>>> print(open('start_7.cif').read())   # mmCIF, C-alpha atoms and all ligand atoms
data_run
#
loop_
_atom_site.label_atom_id
_atom_site.label_comp_id
_atom_site.auth_asym_id
_atom_site.auth_seq_id
_atom_site.Cartn_x
_atom_site.Cartn_y
_atom_site.Cartn_z
CA MET W 18 -122.81 29.73 38.34
CA SER W 19 -119.96 30.60 40.66
CA THR W 20 -116.84 28.49 40.69
CA PRO W 21 -115.00 27.74 43.92
CA HIS W 22 -111.33 28.57 43.73
CA LEU W 23 -108.67 26.62 45.59
CA SER W 24 -105.26 27.81 46.62
CA VAL W 25 -102.49 26.20 48.62
CA ASP W 26 -99.75 27.68 50.75
CA ARG W 27 -96.66 25.56 50.32
CA GLU W 28 -94.96 27.51 53.11
CA ARG W 29 -97.51 26.13 55.54
CA CYS W 30 -97.82 22.64 54.08
CA ILE W 31 -96.13 20.00 56.22
CA GLY W 32 -96.44 17.25 53.63
CA ALA W 33 -98.95 15.19 55.56
CA GLY W 34 -100.53 14.06 52.31
CA MET W 35 -104.08 14.08 53.63
CA CYS W 36 -105.24 16.26 50.76
CA ALA W 37 -103.83 13.96 48.07
CA MET W 38 -105.43 10.96 49.76
CA THR W 39 -108.76 12.71 50.18
CA ALA W 40 -108.98 14.33 46.75
CA PRO W 41 -106.41 12.74 44.42
CA ASP W 42 -107.94 14.43 41.38
CA ILE W 43 -107.22 17.83 42.86
CA PHE W 44 -104.05 17.44 44.92
CA ASP W 45 -100.77 15.63 44.59
CA GLN W 46 -97.49 15.80 46.46
CA ASP W 47 -94.20 16.64 44.88
CA PRO W 48 -91.84 13.67 44.89
CA ASP W 49 -88.92 15.53 46.47
CA GLU W 50 -90.29 17.38 49.48
CA GLY W 51 -93.72 15.78 49.70
CA LEU W 52 -95.32 19.20 49.66
CA VAL W 53 -98.69 19.75 48.15
CA LEU W 54 -99.17 20.28 44.44
CA LEU W 55 -102.42 21.80 43.30
CA LEU W 56 -103.58 19.96 40.19
CA ASP W 57 -106.87 21.75 39.72
CA ALA W 58 -107.53 25.19 41.23
CA GLU W 59 -111.09 25.28 39.96
CA PRO W 60 -112.43 21.76 40.25
CA SER W 61 -115.66 20.86 38.51
CA ALA W 62 -118.85 20.36 40.49
CA PRO W 63 -118.46 16.61 41.13
CA HIS W 64 -115.21 17.38 42.94
CA HIS W 65 -116.44 20.18 45.18
CA ALA W 66 -117.29 17.92 48.10
CA ALA W 67 -113.84 16.33 48.01
CA ALA W 68 -112.24 19.77 47.84
CA ARG W 69 -114.12 20.89 50.97
CA LEU W 70 -113.18 17.68 52.72
CA ALA W 71 -109.51 18.22 51.91
CA VAL W 72 -109.62 21.70 53.43
CA GLY W 73 -111.00 20.12 56.59
CA VAL W 74 -108.48 17.31 56.85
CA CYS W 75 -105.36 19.36 56.17
CA PRO W 76 -103.60 19.56 59.55
CA SER W 77 -101.70 22.74 58.75
CA GLY W 78 -104.47 24.86 57.26
CA ALA W 79 -102.53 25.19 54.03
CA ILE W 80 -105.54 24.85 51.75
CA THR W 81 -107.94 27.71 51.13
CA LEU W 82 -111.23 27.37 49.32
CA ASP W 83 -112.90 30.52 48.11
CA GLU W 84 -116.54 29.92 47.40
CA PRO W 85 -118.14 32.99 45.90
CA GLY W 86 -121.69 33.53 47.04
CA PRO W 87 -124.58 33.16 44.61
CA GLY W 88 -124.26 36.85 43.87
CA GLY W 89 -120.63 36.42 42.92
CA SER W 90 -119.38 38.71 45.66
S1 LIG I 101 -102.99 17.93 53.73
FE1 LIG I 101 -102.18 20.00 54.05
S2 LIG I 101 -100.20 19.67 55.01
FE2 LIG I 101 -100.80 17.73 54.10
S3 LIG I 101 -99.88 17.72 52.04
FE3 LIG I 101 -101.94 18.55 51.86
S4 LIG I 101 -101.69 20.78 52.01
FE4 LIG I 101 -99.84 19.82 52.83
#
>>> encode(input="start_7.cif", output="structure tokens")
Amino acid sequence: MSTPHLSVDRERCIGAGMCAMTAPDIFDQDPDEGLVLLLDAEPSAPHHAAARLAVGVCPSGAITLDEPGPGGS
């Protein structure tokens, strides 16, 4: 089974916190700048929907989700 891989671009993050609110098991914000912290780059299956949602709600496009196809390409 292929595992989706998350990455975040802290240069783009504006600290809106939508990701941490949407998927608190996967994202947090650092206490100083409020920028995103990735807690789990390869979340387990129950968290995939929340991960996709977080990509969608991030206003700055700082979250990338790589979902390998079934063939693992
Ligand atoms: S939702 Fe996007 S901009 Fe907001 S903290 Fe998360 S990564 Fe940063």
>>> axis_aligned_box(input="start_7.cif", around="segment 38-44 of chain W", padding_each_side="3 Å", output="AutoDock Vina command-line options")
--center_x -106.5 --center_y 14.4 --center_z 45.8 --size_x 10.9 --size_y 12.9 --size_z 14.8
>>> residues_near_ligand(input="start_7.cif", ligand="ligand LIG 101 (chain I)", cutoff="6 Å", atoms="all atoms listed in the file", output="count of residues only")
14
>>> residues_around(input="start_7.cif", residues="segment 54-71 of chain W", least_positions_apart="2", cutoff="7 Å", atoms="all atoms listed in the file", output="PyMOL selection string")
chain W and resi 20-25+36+39-40+43-47+52+73-75
>>> write_last_selection(input="start_7.cif", atoms="C-alpha atoms", output="PDB file, keeping the file's coordinate frame")
ATOM      1  CA  THR W  20    -116.840  28.490  40.690  1.00  0.00           C
ATOM      2  CA  PRO W  21    -115.000  27.740  43.920  1.00  0.00           C
ATOM      3  CA  HIS W  22    -111.330  28.570  43.730  1.00  0.00           C
ATOM      4  CA  LEU W  23    -108.670  26.620  45.590  1.00  0.00           C
ATOM      5  CA  SER W  24    -105.260  27.810  46.620  1.00  0.00           C
ATOM      6  CA  VAL W  25    -102.490  26.200  48.620  1.00  0.00           C
ATOM      7  CA  CYS W  36    -105.240  16.260  50.760  1.00  0.00           C
ATOM      8  CA  THR W  39    -108.760  12.710  50.180  1.00  0.00           C
ATOM      9  CA  ALA W  40    -108.980  14.330  46.750  1.00  0.00           C
ATOM     10  CA  ILE W  43    -107.220  17.830  42.860  1.00  0.00           C
ATOM     11  CA  PHE W  44    -104.050  17.440  44.920  1.00  0.00           C
ATOM     12  CA  ASP W  45    -100.770  15.630  44.590  1.00  0.00           C
ATOM     13  CA  GLN W  46     -97.490  15.800  46.460  1.00  0.00           C
ATOM     14  CA  ASP W  47     -94.200  16.640  44.880  1.00  0.00           C
ATOM     15  CA  LEU W  52     -95.320  19.200  49.660  1.00  0.00           C
ATOM     16  CA  GLY W  73    -111.000  20.120  56.590  1.00  0.00           C
ATOM     17  CA  VAL W  74    -108.480  17.310  56.850  1.00  0.00           C
ATOM     18  CA  CYS W  75    -105.360  19.360  56.170  1.00  0.00           C
TER      19      CYS W  75
END
>>> build_atoms(input="start_7.cif", residues="segment 29-59 of chain W", atoms="N, CA and C atoms", output="CSV table (one decimal), in the coordinates of the input")
chain,number,residue,atom,x,y,z
W,29,ARG,N,-96.8,26.7,54.4
W,29,ARG,CA,-97.5,26.1,55.5
W,29,ARG,C,-97.6,24.6,55.5
W,30,CYS,N,-97.6,24.1,54.3
W,30,CYS,CA,-97.8,22.6,54.1
W,30,CYS,C,-96.7,21.9,54.8
W,31,ILE,N,-97.1,20.8,55.5
W,31,ILE,CA,-96.1,20.0,56.2
W,31,ILE,C,-96.0,18.6,55.6
W,32,GLY,N,-96.6,18.5,54.4
W,32,GLY,CA,-96.4,17.2,53.6
W,32,GLY,C,-97.1,16.0,54.2
W,33,ALA,N,-98.2,16.3,54.9
W,33,ALA,CA,-99.0,15.2,55.6
W,33,ALA,C,-99.6,14.3,54.5
W,34,GLY,N,-100.0,14.9,53.4
W,34,GLY,CA,-100.5,14.1,52.3
W,34,GLY,C,-102.0,13.8,52.4
W,35,MET,N,-102.7,14.4,53.5
W,35,MET,CA,-104.1,14.1,53.6
W,35,MET,C,-104.9,14.6,52.4
W,36,CYS,N,-104.5,15.7,51.9
W,36,CYS,CA,-105.2,16.3,50.8
W,36,CYS,C,-105.2,15.3,49.5
W,37,ALA,N,-104.0,14.8,49.2
W,37,ALA,CA,-103.8,14.0,48.1
W,37,ALA,C,-104.6,12.6,48.3
W,38,MET,N,-104.7,12.2,49.5
W,38,MET,CA,-105.4,11.0,49.8
W,38,MET,C,-106.9,11.2,49.7
W,39,THR,N,-107.3,12.4,50.1
W,39,THR,CA,-108.8,12.7,50.2
W,39,THR,C,-109.3,13.1,48.8
W,40,ALA,N,-108.5,13.8,48.1
W,40,ALA,CA,-109.0,14.3,46.8
W,40,ALA,C,-107.8,14.2,45.7
W,41,PRO,N,-107.6,13.0,45.3
W,41,PRO,CA,-106.4,12.7,44.4
W,41,PRO,C,-106.6,13.4,43.0
W,42,ASP,N,-107.8,13.8,42.7
W,42,ASP,CA,-107.9,14.4,41.4
W,42,ASP,C,-107.6,15.9,41.5
W,43,ILE,N,-107.5,16.4,42.7
W,43,ILE,CA,-107.2,17.8,42.9
W,43,ILE,C,-105.8,18.1,43.4
W,44,PHE,N,-105.3,17.2,44.3
W,44,PHE,CA,-104.0,17.4,44.9
W,44,PHE,C,-103.1,16.3,44.7
W,45,ASP,N,-101.8,16.6,44.6
W,45,ASP,CA,-100.8,15.6,44.6
W,45,ASP,C,-99.7,16.1,45.5
W,46,GLN,N,-98.6,15.3,45.7
W,46,GLN,CA,-97.5,15.8,46.5
W,46,GLN,C,-96.3,15.7,45.6
W,47,ASP,N,-95.4,16.7,45.7
W,47,ASP,CA,-94.2,16.6,44.9
W,47,ASP,C,-93.3,15.6,45.4
W,48,PRO,N,-92.6,14.9,44.5
W,48,PRO,CA,-91.8,13.7,44.9
W,48,PRO,C,-90.6,14.0,45.7
W,49,ASP,N,-90.1,15.2,45.7
W,49,ASP,CA,-88.9,15.5,46.5
W,49,ASP,C,-89.2,15.9,47.9
W,50,GLU,N,-90.0,16.9,48.1
W,50,GLU,CA,-90.3,17.4,49.5
W,50,GLU,C,-91.6,16.8,50.1
W,51,GLY,N,-92.4,16.3,49.2
W,51,GLY,CA,-93.7,15.8,49.7
W,51,GLY,C,-94.7,16.9,49.9
W,52,LEU,N,-94.4,18.1,49.5
W,52,LEU,CA,-95.3,19.2,49.7
W,52,LEU,C,-96.4,19.2,48.6
W,53,VAL,N,-97.5,19.8,49.0
W,53,VAL,CA,-98.7,19.8,48.2
W,53,VAL,C,-98.5,20.4,46.8
W,54,LEU,N,-99.1,19.7,45.8
W,54,LEU,CA,-99.2,20.3,44.4
W,54,LEU,C,-100.6,20.4,44.1
W,55,LEU,N,-101.0,21.6,43.7
W,55,LEU,CA,-102.4,21.8,43.3
W,55,LEU,C,-102.6,21.5,41.8
W,56,LEU,N,-103.4,20.4,41.6
W,56,LEU,CA,-103.6,20.0,40.2
W,56,LEU,C,-104.7,20.7,39.5
W,57,ASP,N,-105.7,21.2,40.3
W,57,ASP,CA,-106.9,21.8,39.7
W,57,ASP,C,-107.4,22.8,40.7
W,58,ALA,N,-107.1,24.1,40.3
W,58,ALA,CA,-107.5,25.2,41.2
W,58,ALA,C,-109.0,25.5,41.2
W,59,GLU,N,-109.7,25.0,40.1
W,59,GLU,CA,-111.1,25.3,40.0
W,59,GLU,C,-111.8,24.0,39.6
